[in-house]
file model.cif (mmCIF, C-alpha atoms; chains and numbers go by the auth columns)
data_my_file
#
loop_
_atom_site.group_PDB
_atom_site.id
_atom_site.type_symbol
_atom_site.label_atom_id
_atom_site.label_comp_id
_atom_site.label_asym_id
_atom_site.label_seq_id
_atom_site.Cartn_x
_atom_site.Cartn_y
_atom_site.Cartn_z
_atom_site.B_iso_or_equiv
_atom_site.auth_seq_id
_atom_site.auth_asym_id
ATOM 1 C CA MET A 1 0.000 0.000 0.000 0.00 1078 A
ATOM 2 C CA SER A 2 2.782 2.443 0.919 0.00 1079 A
ATOM 3 C CA ALA A 3 4.546 2.102 -2.450 0.00 1080 A
ATOM 4 C CA TYR A 4 1.306 2.788 -4.353 0.00 1081 A
ATOM 5 C CA LEU A 5 0.480 5.894 -2.320 0.00 1082 A
ATOM 6 C CA ASP A 6 4.051 7.170 -2.428 0.00 1083 A
ATOM 7 C CA GLU A 7 4.060 6.897 -6.221 0.00 1084 A
ATOM 8 C CA LEU A 8 0.653 8.569 -6.382 0.00 1085 A
ATOM 9 C CA ALA A 9 1.889 11.502 -4.317 0.00 1086 A
ATOM 10 C CA ALA A 10 4.923 11.861 -6.595 0.00 1087 A
ATOM 11 C CA LEU A 11 2.727 11.830 -9.714 0.00 1088 A
ATOM 12 C CA LEU A 12 0.390 14.447 -8.253 0.00 1089 A
ATOM 13 C CA ARG A 13 3.295 16.741 -7.385 0.00 1090 A
ATOM 14 C CA ALA A 14 4.745 16.237 -10.872 0.00 1091 A
ATOM 15 C CA GLY A 15 1.353 17.189 -12.299 0.00 1092 A
ATOM 16 C CA GLY A 16 1.416 20.547 -10.552 0.00 1093 A
ATOM 17 C CA VAL A 17 -0.452 19.763 -7.341 0.00 1094 A
ATOM 18 C CA PRO A 18 1.059 21.644 -4.380 0.00 1095 A
ATOM 19 C CA ALA A 19 2.943 19.320 -2.043 0.00 1096 A
ATOM 20 C CA GLU A 20 0.640 20.091 0.895 0.00 1097 A
ATOM 21 C CA GLN A 21 -2.479 19.243 -1.093 0.00 1098 A
ATOM 22 C CA ALA A 22 -0.913 16.113 -2.573 0.00 1099 A
ATOM 23 C CA GLU A 23 -0.032 14.902 0.937 0.00 1100 A
ATOM 24 C CA ALA A 24 -3.538 15.693 2.200 0.00 1101 A
ATOM 25 C CA THR A 25 -5.106 13.796 -0.709 0.00 1102 A
ATOM 26 C CA VAL A 26 -2.883 10.758 -0.208 0.00 1103 A
ATOM 27 C CA ALA A 27 -3.503 10.819 3.552 0.00 1104 A
ATOM 28 C CA ASP A 28 -7.254 10.818 2.928 0.00 1105 A
ATOM 29 C CA LEU A 29 -6.939 7.902 0.507 0.00 1106 A
ATOM 30 C CA ALA A 30 -4.711 5.996 2.935 0.00 1107 A
ATOM 31 C CA SER A 31 -7.295 6.441 5.673 0.00 1108 A
ATOM 32 C CA TYR A 32 -10.036 5.190 3.368 0.00 1109 A
ATOM 33 C CA VAL A 33 -8.046 2.104 2.346 0.00 1110 A
ATOM 34 C CA ALA A 34 -7.193 1.366 5.971 0.00 1111 A
ATOM 35 C CA GLU A 35 -10.878 1.480 6.884 0.00 1112 A
ATOM 36 C CA THR A 36 -12.046 -0.731 4.015 0.00 1113 A
ATOM 37 C CA GLY A 37 -9.121 -3.143 4.280 0.00 1114 A
ATOM 38 C CA GLY A 38 -8.748 -3.151 0.512 0.00 1115 A
ATOM 39 C CA ASP A 39 -5.788 -2.945 -1.810 0.00 1116 A
ATOM 40 C CA PRO A 40 -5.188 0.530 -3.312 0.00 1117 A
ATOM 41 C CA GLU A 41 -4.778 -0.787 -6.846 0.00 1118 A
ATOM 42 C CA GLU A 42 -8.000 -2.786 -6.578 0.00 1119 A
ATOM 43 C CA GLU A 43 -9.839 0.207 -5.113 0.00 1120 A
ATOM 44 C CA PHE A 44 -8.555 2.918 -7.460 0.00 1121 A
ATOM 45 C CA GLY A 45 -6.978 1.130 -10.426 0.00 1122 A
ATOM 46 C CA PRO A 46 -3.422 1.456 -11.798 0.00 1123 A
ATOM 47 C CA VAL A 47 -1.625 4.308 -10.091 0.00 1124 A
ATOM 48 C CA GLY A 48 -0.799 6.154 -13.317 0.00 1125 A
ATOM 49 C CA GLU A 49 -4.384 6.123 -14.529 0.00 1126 A
ATOM 50 C CA PHE A 50 -5.734 7.115 -11.122 0.00 1127 A
ATOM 51 C CA ALA A 51 -3.303 10.006 -10.848 0.00 1128 A
ATOM 52 C CA GLY A 52 -4.435 11.161 -14.300 0.00 1129 A
ATOM 53 C CA GLN A 53 -8.059 11.071 -13.205 0.00 1130 A
ATOM 54 C CA LEU A 54 -7.307 13.120 -10.106 0.00 1131 A
ATOM 55 C CA LEU A 55 -5.347 15.671 -12.103 0.00 1132 A
ATOM 56 C CA ALA A 56 -8.083 15.919 -14.733 0.00 1133 A
ATOM 57 C CA ALA A 57 -10.743 16.427 -12.052 0.00 1134 A
ATOM 58 C CA ARG A 58 -8.891 19.232 -10.313 0.00 1135 A
ATOM 59 C CA ALA A 59 -10.730 22.528 -10.082 0.00 1136 A
ATOM 60 C CA PRO A 60 -8.992 25.819 -9.299 0.00 1137 A
ATOM 61 C CA GLU A 61 -10.767 26.223 -5.970 0.00 1138 A
ATOM 62 C CA THR A 62 -9.701 22.810 -4.668 0.00 1139 A
ATOM 63 C CA ASP A 63 -6.096 23.991 -4.563 0.00 1140 A
ATOM 64 C CA ALA A 64 -6.859 26.352 -1.701 0.00 1141 A
ATOM 65 C CA THR A 65 -8.163 25.979 1.812 0.00 1142 A
ATOM 66 C CA ASP A 66 -10.820 28.608 1.105 0.00 1143 A
ATOM 67 C CA ALA A 67 -12.862 26.599 -1.407 0.00 1144 A
ATOM 68 C CA THR A 68 -16.367 28.047 -1.449 0.00 1145 A
ATOM 69 C CA GLU A 69 -18.367 25.023 -2.631 0.00 1146 A
ATOM 70 C CA TRP A 70 -17.764 21.314 -2.934 0.00 1147 A
ATOM 71 C CA ARG A 71 -20.136 18.535 -3.962 0.00 1148 A
ATOM 72 C CA TRP A 72 -19.471 14.994 -2.851 0.00 1149 A
ATOM 73 C CA THR A 73 -21.340 11.754 -2.307 0.00 1150 A
ATOM 74 C CA ALA A 74 -21.098 8.640 -0.142 0.00 1151 A
ATOM 75 C CA ASP A 75 -23.120 5.469 0.176 0.00 1152 A
ATOM 76 C CA ILE A 76 -25.447 4.708 3.071 0.00 1153 A
ATOM 77 C CA PHE A 77 -22.732 2.683 4.800 0.00 1154 A
ATOM 78 C CA THR A 78 -20.133 5.467 4.882 0.00 1155 A
ATOM 79 C CA ASP A 79 -22.137 8.707 4.822 0.00 1156 A
ATOM 80 C CA ARG A 80 -22.099 9.319 8.596 0.00 1157 A
ATOM 81 C CA GLN A 81 -18.414 8.512 8.822 0.00 1158 A
ATOM 82 C CA MET A 82 -17.591 10.919 5.999 0.00 1159 A
ATOM 83 C CA LEU A 83 -19.885 13.613 7.403 0.00 1160 A
ATOM 84 C CA ALA A 84 -18.057 13.380 10.720 0.00 1161 A
ATOM 85 C CA ARG A 85 -14.637 13.540 9.065 0.00 1162 A
ATOM 86 C CA LEU A 86 -15.442 16.376 6.670 0.00 1163 A
ATOM 87 C CA GLY A 87 -17.459 18.280 9.235 0.00 1164 A
ATOM 88 C CA ASP A 88 -14.376 18.217 11.431 0.00 1165 A
ATOM 89 C CA GLN A 89 -12.518 19.853 8.516 0.00 1166 A
ATOM 90 C CA GLY A 90 -15.010 22.723 8.429 0.00 1167 A
ATOM 91 C CA TRP A 91 -17.342 21.642 5.627 0.00 1168 A
ATOM 92 C CA GLU A 92 -20.936 22.747 6.162 0.00 1169 A
ATOM 93 C CA ILE A 93 -23.691 20.908 4.279 0.00 1170 A
ATOM 94 C CA ASP A 94 -26.158 23.264 2.611 0.00 1171 A
ATOM 95 C CA ARG A 95 -28.403 20.658 0.996 0.00 1172 A
ATOM 96 C CA VAL A 96 -28.539 17.292 -0.736 0.00 1173 A
ATOM 97 C CA ASP A 97 -29.116 17.682 -4.476 0.00 1174 A
ATOM 98 C CA HIS A 98 -31.285 15.510 -6.742 0.00 1175 A
ATOM 99 C CA LEU A 99 -28.339 13.213 -7.473 0.00 1176 A
ATOM 100 C CA GLY A 100 -27.781 12.499 -3.793 0.00 1177 A
ATOM 101 C CA ARG A 101 -24.676 14.679 -3.535 0.00 1178 A
ATOM 102 C CA PHE A 102 -23.917 16.711 -0.443 0.00 1179 A
ATOM 103 C CA VAL A 103 -23.577 20.342 -1.494 0.00 1180 A
ATOM 104 C CA SER A 104 -21.187 21.894 1.016 0.00 1181 A
ATOM 105 C CA HIS A 105 -19.090 24.971 1.603 0.00 1182 A
ATOM 106 C CA ARG A 106 -16.471 26.219 4.039 0.00 1183 A
ATOM 107 C CA ASP A 107 -16.200 29.739 5.394 0.00 1184 A
ATOM 108 C CA PRO A 108 -12.920 31.090 3.953 0.00 1185 A
ATOM 109 C CA GLU A 109 -12.462 33.641 6.739 0.00 1186 A
ATOM 110 C CA ARG A 110 -13.681 31.893 9.876 0.00 1187 A
ATOM 111 C CA PRO A 111 -13.940 28.155 9.244 0.00 1188 A
ATOM 112 C CA GLN A 112 -15.443 26.112 12.035 0.00 1189 A
ATOM 113 C CA ARG A 113 -16.182 22.461 12.692 0.00 1190 A
ATOM 114 C CA TRP A 114 -19.633 21.010 12.082 0.00 1191 A
ATOM 115 C CA GLU A 115 -21.366 17.905 13.319 0.00 1192 A
ATOM 116 C CA TYR A 116 -24.110 15.890 11.660 0.00 1193 A
ATOM 117 C CA ARG A 117 -26.699 13.253 12.347 0.00 1194 A
ATOM 118 C CA ARG A 118 -28.853 11.061 10.118 0.00 1195 A
ATOM 119 C CA GLU A 119 -32.406 10.064 11.008 0.00 1196 A
ATOM 120 C CA PRO A 120 -35.182 8.120 9.219 0.00 1197 A
ATOM 121 C CA SER A 121 -37.326 10.549 7.262 0.00 1198 A
ATOM 122 C CA ILE A 122 -40.498 8.753 8.327 0.00 1199 A
ATOM 123 C CA ALA A 123 -40.509 10.853 11.506 0.00 1200 A
ATOM 124 C CA GLY A 124 -41.367 13.938 9.442 0.00 1201 A
ATOM 125 C CA SER A 125 -41.435 17.482 10.784 0.00 1202 A
ATOM 126 C CA ALA A 126 -41.961 16.302 14.359 0.00 1203 A
ATOM 127 C CA LEU A 127 -38.358 15.104 14.446 0.00 1204 A
ATOM 128 C CA ALA A 128 -37.017 18.486 13.321 0.00 1205 A
ATOM 129 C CA ALA A 129 -39.073 20.206 16.002 0.00 1206 A
ATOM 130 C CA ARG A 130 -37.721 17.818 18.648 0.00 1207 A
ATOM 131 C CA LEU A 131 -34.093 18.346 17.632 0.00 1208 A
ATOM 132 C CA ALA A 132 -34.298 22.127 17.157 0.00 1209 A
ATOM 133 C CA PRO A 133 -33.815 23.007 20.873 0.00 1210 A
ATOM 134 C CA GLU A 134 -30.469 21.172 20.759 0.00 1211 A
ATOM 135 C CA GLY A 135 -29.302 23.333 17.842 0.00 1212 A
ATOM 136 C CA TRP A 136 -29.914 20.793 15.069 0.00 1213 A
ATOM 137 C CA GLU A 137 -31.330 22.051 11.770 0.00 1214 A
ATOM 138 C CA PRO A 138 -32.262 20.101 8.616 0.00 1215 A
ATOM 139 C CA CYS A 139 -29.690 20.202 5.831 0.00 1216 A
ATOM 140 C CA GLY A 140 -30.997 17.690 3.320 0.00 1217 A
ATOM 141 C CA THR A 141 -33.101 14.628 2.546 0.00 1218 A
ATOM 142 C CA TRP A 142 -32.194 11.612 0.455 0.00 1219 A
ATOM 143 C CA MET A 143 -34.429 8.579 -0.036 0.00 1220 A
ATOM 144 C CA TYR A 144 -35.529 7.478 3.460 0.00 1221 A
ATOM 145 C CA TRP A 145 -33.079 9.607 5.422 0.00 1222 A
ATOM 146 C CA ARG A 146 -32.972 13.175 6.697 0.00 1223 A
ATOM 147 C CA TYR A 147 -29.720 14.892 7.608 0.00 1224 A
ATOM 148 C CA PHE A 148 -29.238 17.482 10.344 0.00 1225 A
ATOM 149 C CA LYS A 149 -26.337 19.795 11.144 0.00 1226 A
ATOM 150 C CA ARG A 150 -25.191 22.097 13.906 0.00 1227 A
ATOM 151 C CA PRO A 151 -21.996 24.014 14.638 0.00 1228 A
ATOM 152 C CA ARG A 152 -19.723 21.927 16.794 0.00 1229 A
ATOM 153 C CA ALA A 153 -19.376 24.957 19.012 0.00 1230 A
ATOM 154 C CA ALA A 154 -22.688 23.831 20.505 0.00 1231 A
ATOM 155 C CA SER A 155 -20.878 20.905 22.141 0.00 1232 A
ATOM 156 C CA VAL A 156 -17.200 21.928 22.385 0.00 1233 A
ATOM 157 C CA GLY A 157 -17.301 25.730 22.465 0.00 1234 A
ATOM 158 C CA PRO A 158 -14.367 27.777 21.080 0.00 1235 A
ATOM 159 C CA ALA A 159 -12.442 24.589 20.263 0.00 1236 A
ATOM 160 C CA ALA A 160 -14.681 24.263 17.208 0.00 1237 A
ATOM 161 C CA GLN A 161 -12.783 27.075 15.478 0.00 1238 A
ATOM 162 C CA LEU A 162 -10.350 25.930 12.772 0.00 1239 A
ATOM 163 C CA ASP A 163 -7.056 27.784 12.454 0.00 1240 A
ATOM 164 C CA SER A 164 -5.648 26.014 9.386 0.00 1241 A
ATOM 165 C CA PRO A 165 -8.180 23.707 7.674 0.00 1242 A
ATOM 166 C CA PRO A 166 -6.825 21.115 5.238 0.00 1243 A
ATOM 167 C CA ALA A 167 -7.337 21.436 1.499 0.00 1244 A
ATOM 168 C CA ALA A 168 -10.434 19.941 -0.079 0.00 1245 A
ATOM 169 C CA PRO A 169 -10.044 16.178 -0.690 0.00 1246 A
ATOM 170 C CA GLY A 170 -8.828 15.168 -4.112 0.00 1247 A
ATOM 171 C CA ARG A 171 -11.917 13.074 -4.840 0.00 1248 A
ATOM 172 C CA SER A 172 -15.659 13.461 -4.361 0.00 1249 A
ATOM 173 C CA VAL A 173 -17.009 9.897 -4.373 0.00 1250 A
ATOM 174 C CA PHE A 174 -16.775 7.738 -1.247 0.00 1251 A
ATOM 175 C CA PHE A 175 -18.321 4.324 -1.880 0.00 1252 A
ATOM 176 C CA SER A 176 -17.538 1.297 0.264 0.00 1253 A
ATOM 177 C CA ARG A 177 -17.026 -2.321 -0.689 0.00 1254 A
ATOM 178 C CA ARG A 178 -20.298 -3.126 1.077 0.00 1255 A
ATOM 179 C CA PHE A 179 -22.124 -0.791 -1.310 0.00 1256 A
ATOM 180 C CA TYR A 180 -20.707 -2.555 -4.359 0.00 1257 A
ATOM 181 C CA LEU A 181 -21.553 -5.929 -2.797 0.00 1258 A
ATOM 182 C CA VAL A 182 -25.183 -4.885 -2.246 0.00 1259 A
ATOM 183 C CA LEU A 183 -25.316 -3.545 -5.800 0.00 1260 A
ATOM 184 C CA ALA A 184 -24.010 -6.831 -7.183 0.00 1261 A
ATOM 185 C CA VAL A 185 -26.462 -8.894 -5.080 0.00 1262 A
ATOM 186 C CA THR A 186 -29.362 -6.712 -6.230 0.00 1263 A
ATOM 187 C CA LEU A 187 -28.414 -7.107 -9.897 0.00 1264 A
ATOM 188 C CA LEU A 188 -28.049 -10.852 -9.489 0.00 1265 A
ATOM 189 C CA ALA A 189 -31.436 -11.035 -7.748 0.00 1266 A
ATOM 190 C CA LEU A 190 -32.953 -9.257 -10.744 0.00 1267 A
ATOM 191 C CA VAL A 191 -31.258 -11.193 -13.533 0.00 1268 A
ATOM 192 C CA VAL A 192 -30.716 -14.762 -12.271 0.00 1269 A
ATOM 193 C CA PRO A 193 -34.417 -15.686 -11.745 0.00 1270 A
ATOM 194 C CA GLY A 194 -35.179 -14.502 -15.276 0.00 1271 A
ATOM 195 C CA ILE A 195 -32.436 -16.710 -16.688 0.00 1272 A
ATOM 196 C CA LEU A 196 -33.411 -19.742 -14.602 0.00 1273 A
ATOM 197 C CA TRP A 197 -37.093 -19.405 -15.379 0.00 1274 A
ATOM 198 C CA ARG A 198 -36.597 -18.953 -19.102 0.00 1275 A
ATOM 199 C CA PRO A 199 -37.911 -22.150 -20.712 0.00 1276 A
ATOM 200 C CA SER A 200 -36.038 -23.737 -23.568 0.00 1277 A
ATOM 201 C CA ASP A 201 -39.270 -24.619 -25.428 0.00 1278 A
ATOM 202 C CA GLY A 202 -40.777 -21.140 -25.262 0.00 1279 A
ATOM 203 C CA GLU A 203 -43.420 -22.158 -22.707 0.00 1280 A
ATOM 204 C CA GLY A 204 -43.715 -21.280 -19.042 0.00 1281 A
ATOM 205 C CA PRO A 205 -43.466 -17.988 -17.159 0.00 1282 A
ATOM 206 C CA GLY A 206 -40.517 -16.719 -19.174 0.00 1283 A
ATOM 207 C CA PHE A 207 -37.790 -14.170 -18.622 0.00 1284 A
ATOM 208 C CA LEU A 208 -39.984 -11.196 -17.701 0.00 1285 A
ATOM 209 C CA ALA A 209 -41.779 -13.172 -15.028 0.00 1286 A
ATOM 210 C CA GLY A 210 -38.433 -14.220 -13.631 0.00 1287 A
ATOM 211 C CA MET A 211 -37.310 -10.607 -13.622 0.00 1288 A
ATOM 212 C CA ALA A 212 -40.458 -9.667 -11.731 0.00 1289 A
ATOM 213 C CA VAL A 213 -39.722 -12.305 -9.097 0.00 1290 A
ATOM 214 C CA GLY A 214 -36.132 -11.142 -8.910 0.00 1291 A
ATOM 215 C CA GLY A 215 -37.300 -7.563 -8.482 0.00 1292 A
ATOM 216 C CA GLY A 216 -39.466 -8.625 -5.563 0.00 1293 A
ATOM 217 C CA VAL A 217 -36.509 -10.420 -3.990 0.00 1294 A
ATOM 218 C CA ALA A 218 -34.259 -7.396 -4.472 0.00 1295 A
ATOM 219 C CA ILE A 219 -36.827 -5.057 -2.921 0.00 1296 A
ATOM 220 C CA ALA A 220 -37.253 -7.437 0.006 0.00 1297 A
ATOM 221 C CA VAL A 221 -33.495 -7.575 0.567 0.00 1298 A
ATOM 222 C CA LEU A 222 -33.197 -3.787 0.496 0.00 1299 A
ATOM 223 C CA ALA A 223 -36.196 -3.415 2.815 0.00 1300 A
ATOM 224 C CA VAL A 224 -34.674 -5.790 5.364 0.00 1301 A
ATOM 225 C CA MET A 225 -31.380 -3.887 5.229 0.00 1302 A
ATOM 226 C CA TRP A 226 -33.178 -0.574 5.731 0.00 1303 A
ATOM 227 C CA LEU A 227 -35.115 -1.925 8.727 0.00 1304 A
ATOM 228 C CA ARG A 228 -31.936 -3.286 10.296 0.00 1305 A
ATOM 229 C CA MET A 229 -30.208 0.066 9.912 0.00 1306 A
ATOM 230 C CA ALA A 230 -33.241 1.916 11.305 0.00 1307 A
ATOM 231 C CA ARG A 231 -33.325 -0.362 14.349 0.00 1308 A
ATOM 232 C CA ARG A 232 -29.608 0.121 14.872 0.00 1309 A
ATOM 233 C CA ARG A 233 -30.207 3.863 15.055 0.00 1310 A
ATOM 234 C CA SER A 234 -33.120 3.526 17.536 0.00 1311 A
#
call {"tool": "encode", "arguments": {"input": "model.cif", "output": "structure tokens"}}
result
Amino acid sequence: MSAYLDELAALLRAGGVPAEQAEATVADLASYVAETGGDPEEEFGPVGEFAGQLLAARAPETDATDATEWRWTADIFTDRQMLARLGDQGWEIDRVDHLGRFVSHRDPERPQRWEYRREPSIAGSALAARLAPEGWEPCGTWMYWRYFKRPRAASVGPAAQLDSPPAAPGRSVFFSRRFYLVLAVTLLALVVPGILWRPSDGEGPGFLAGMAVGGGVAIAVLAVMWLRMARRRS
């Protein structure tokens, strides 16, 4: 892992990325790989190609610590973890857009830490009213979840102020292996029944019926996962 990340940092610096930002990007990637337990090359692809992607995706504002807006996304398994990490770097979530991306910004003059929580959206407006006295305010909704934010000063006081926030991360997509596993299982649940039920003589329920059964299985699997996550939060 170290050799891959060292080479990546060297390629980023050679591509014009400031050393401080290159180190911050590699540190963020190293943390992600350590958490997932994966291999960097399996996660990101060949180091040369990945470095090229990062360099091509660079925007002028991501070179500075005073970036005014940044859009990023994470799956349901890593969103709270990433919100905690990025909130600690001063990123405030303004909303969740129609693609499920967190639209965030950081105050260039007085950056401060933020904290977040995720709750099932089924609770409706009553939940927002219950959390409001503690300083929580809604900052976005995606699928079955509502997100809330508050300045970390509400819990830690002046320590929430950031003197030198790190540069914006070099990537904006944070998907876990679990997400890809669920995606693969869902696709298999959709396709396999259709293949197995397809008769060789043209009779029987056929492929579309099998797809319908697979769709029901996939929905059931996702529903069970959602209920388990909701119970874990209760």
call {"tool": "resolve_selection", "arguments": {"input": "model.cif", "expression": "the PyMOL selection byres ((chain A and resi 1190-1204) around 9)", "output": "ChimeraX atom specification"}}
result
/A:1156-1157,1160-1161,1163-1170,1188-1189,1205-1209,1213,1218-1230,1236-1239,1307,1310
call {"tool": "resolve_selection", "arguments": {"input": "model.cif", "expression": "the PyMOL selection byres ((chain A and resi 1122-1131) around 8)", "output": "JSON, numbers by chain"}}
result
{"A": [1081, 1084, 1085, 1088, 1089, 1117, 1118, 1119, 1120, 1121, 1132, 1133, 1134, 1135, 1247, 1248]}
call {"tool": "write_last_selection", "arguments": {"input": "model.cif", "atoms": "C-alpha atoms", "output": "PDB file, keeping the file's coordinate frame"}}
result
ATOM      1  CA  TYR A1081       1.306   2.788  -4.353  1.00  0.00           C
ATOM      2  CA  GLU A1084       4.060   6.897  -6.221  1.00  0.00           C
ATOM      3  CA  LEU A1085       0.653   8.569  -6.382  1.00  0.00           C
ATOM      4  CA  LEU A1088       2.727  11.830  -9.714  1.00  0.00           C
ATOM      5  CA  LEU A1089       0.390  14.447  -8.253  1.00  0.00           C
ATOM      6  CA  PRO A1117      -5.188   0.530  -3.312  1.00  0.00           C
ATOM      7  CA  GLU A1118      -4.778  -0.787  -6.846  1.00  0.00           C
ATOM      8  CA  GLU A1119      -8.000  -2.786  -6.578  1.00  0.00           C
ATOM      9  CA  GLU A1120      -9.839   0.207  -5.113  1.00  0.00           C
ATOM     10  CA  PHE A1121      -8.555   2.918  -7.460  1.00  0.00           C
ATOM     11  CA  LEU A1132      -5.347  15.671 -12.103  1.00  0.00           C
ATOM     12  CA  ALA A1133      -8.083  15.919 -14.733  1.00  0.00           C
ATOM     13  CA  ALA A1134     -10.743  16.427 -12.052  1.00  0.00           C
ATOM     14  CA  ARG A1135      -8.891  19.232 -10.313  1.00  0.00           C
ATOM     15  CA  GLY A1247      -8.828  15.168  -4.112  1.00  0.00           C
ATOM     16  CA  ARG A1248     -11.917  13.074  -4.840  1.00  0.00           C
TER      17      ARG A1248
END
call {"tool": "closest_residue", "arguments": {"input": "model.cif", "among": "A:Ala1244, A:Ile1153, A:Met1159, A:Ala1111", "to": "Pro1095 (chain A)", "atoms": "all atoms listed in the file"}}
result
A:Ala1244
call {"tool": "closest_residue", "arguments": {"input": "model.cif", "among": "A:Arg1090, A:His1175, A:Arg1148, A:Arg1183", "to": "Phe1251 (chain A)", "atoms": "all atoms listed in the file"}}
result
A:Arg1148
call {"tool": "atom_distance", "arguments": {"input": "model.cif", "atom1": "CA of Ala1099 (chain A)", "atom2": "CA of Ser1241 (chain A)"}}
result
16.2 Å
call {"tool": "atom_distance", "arguments": {"input": "model.cif", "atom1": "CA of Val1103 (chain A)", "atom2": "CA of Pro1246 (chain A)"}}
result
9.0 Å
call {"tool": "closest_residue", "arguments": {"input": "model.cif", "among": "A:Ala1101, A:Arg1172, A:Ala1096, A:Ala1151", "to": "Tyr1257 (chain A)", "atoms": "all atoms listed in the file"}}
result
A:Ala1151
call {"tool": "atom_distance", "arguments": {"input": "model.cif", "atom1": "CA of Gly1217 (chain A)", "atom2": "CA of Ala1245 (chain A)"}}
result
21.0 Å
call {"tool": "decode", "arguments": {"input": "model.cif", "residues": "region 1158-1177 of chain A", "atoms": "N, CA and C atoms", "output": "short mmCIF file (atom, residue, chain, number, x, y, z; two decimals), in the first residue's frame"}}
result
data_model
loop_
_atom_site.label_atom_id
_atom_site.label_comp_id
_atom_site.auth_asym_id
_atom_site.auth_seq_id
_atom_site.Cartn_x
_atom_site.Cartn_y
_atom_site.Cartn_z
N GLN A 1158 -19.85 8.46 8.56
CA GLN A 1158 -18.41 8.51 8.82
C GLN A 1158 -17.78 9.67 8.07
N MET A 1159 -18.16 9.83 6.79
CA MET A 1159 -17.59 10.92 6.00
C MET A 1159 -18.10 12.28 6.46
N LEU A 1160 -19.36 12.35 6.88
CA LEU A 1160 -19.89 13.61 7.40
C LEU A 1160 -19.12 14.03 8.66
N ALA A 1161 -18.82 13.07 9.51
CA ALA A 1161 -18.06 13.38 10.72
C ALA A 1161 -16.65 13.86 10.37
N ARG A 1162 -16.01 13.17 9.43
CA ARG A 1162 -14.64 13.54 9.07
C ARG A 1162 -14.58 14.91 8.39
N LEU A 1163 -15.48 15.12 7.42
CA LEU A 1163 -15.44 16.38 6.67
C LEU A 1163 -16.01 17.53 7.49
N GLY A 1164 -16.97 17.24 8.34
CA GLY A 1164 -17.46 18.28 9.24
C GLY A 1164 -16.37 18.76 10.16
N ASP A 1165 -15.50 17.84 10.57
CA ASP A 1165 -14.38 18.22 11.43
C ASP A 1165 -13.36 19.06 10.68
N GLN A 1166 -13.41 19.03 9.34
CA GLN A 1166 -12.52 19.85 8.52
C GLN A 1166 -13.17 21.18 8.13
N GLY A 1167 -14.37 21.44 8.65
CA GLY A 1167 -15.01 22.72 8.43
C GLY A 1167 -16.03 22.78 7.32
N TRP A 1168 -16.38 21.63 6.73
CA TRP A 1168 -17.34 21.64 5.63
C TRP A 1168 -18.76 21.63 6.15
N GLU A 1169 -19.53 22.63 5.76
CA GLU A 1169 -20.94 22.75 6.16
C GLU A 1169 -21.83 22.30 5.01
N ILE A 1170 -22.76 21.39 5.29
CA ILE A 1170 -23.69 20.91 4.28
C ILE A 1170 -24.83 21.91 4.13
N ASP A 1171 -25.05 22.35 2.90
CA ASP A 1171 -26.16 23.26 2.61
C ASP A 1171 -27.42 22.51 2.22
N ARG A 1172 -27.25 21.44 1.44
CA ARG A 1172 -28.40 20.66 1.00
C ARG A 1172 -27.89 19.36 0.36
N VAL A 1173 -28.83 18.49 0.05
CA VAL A 1173 -28.54 17.29 -0.74
C VAL A 1173 -29.24 17.46 -2.07
N ASP A 1174 -28.50 17.42 -3.18
CA ASP A 1174 -29.12 17.68 -4.48
C ASP A 1174 -29.85 16.45 -5.01
N HIS A 1175 -30.44 16.57 -6.20
CA HIS A 1175 -31.28 15.51 -6.74
C HIS A 1175 -30.49 14.27 -7.12
N LEU A 1176 -29.18 14.37 -7.19
CA LEU A 1176 -28.34 13.21 -7.47
C LEU A 1176 -27.82 12.55 -6.20
N GLY A 1177 -28.23 13.06 -5.06
CA GLY A 1177 -27.78 12.50 -3.79
C GLY A 1177 -26.42 13.00 -3.35
#
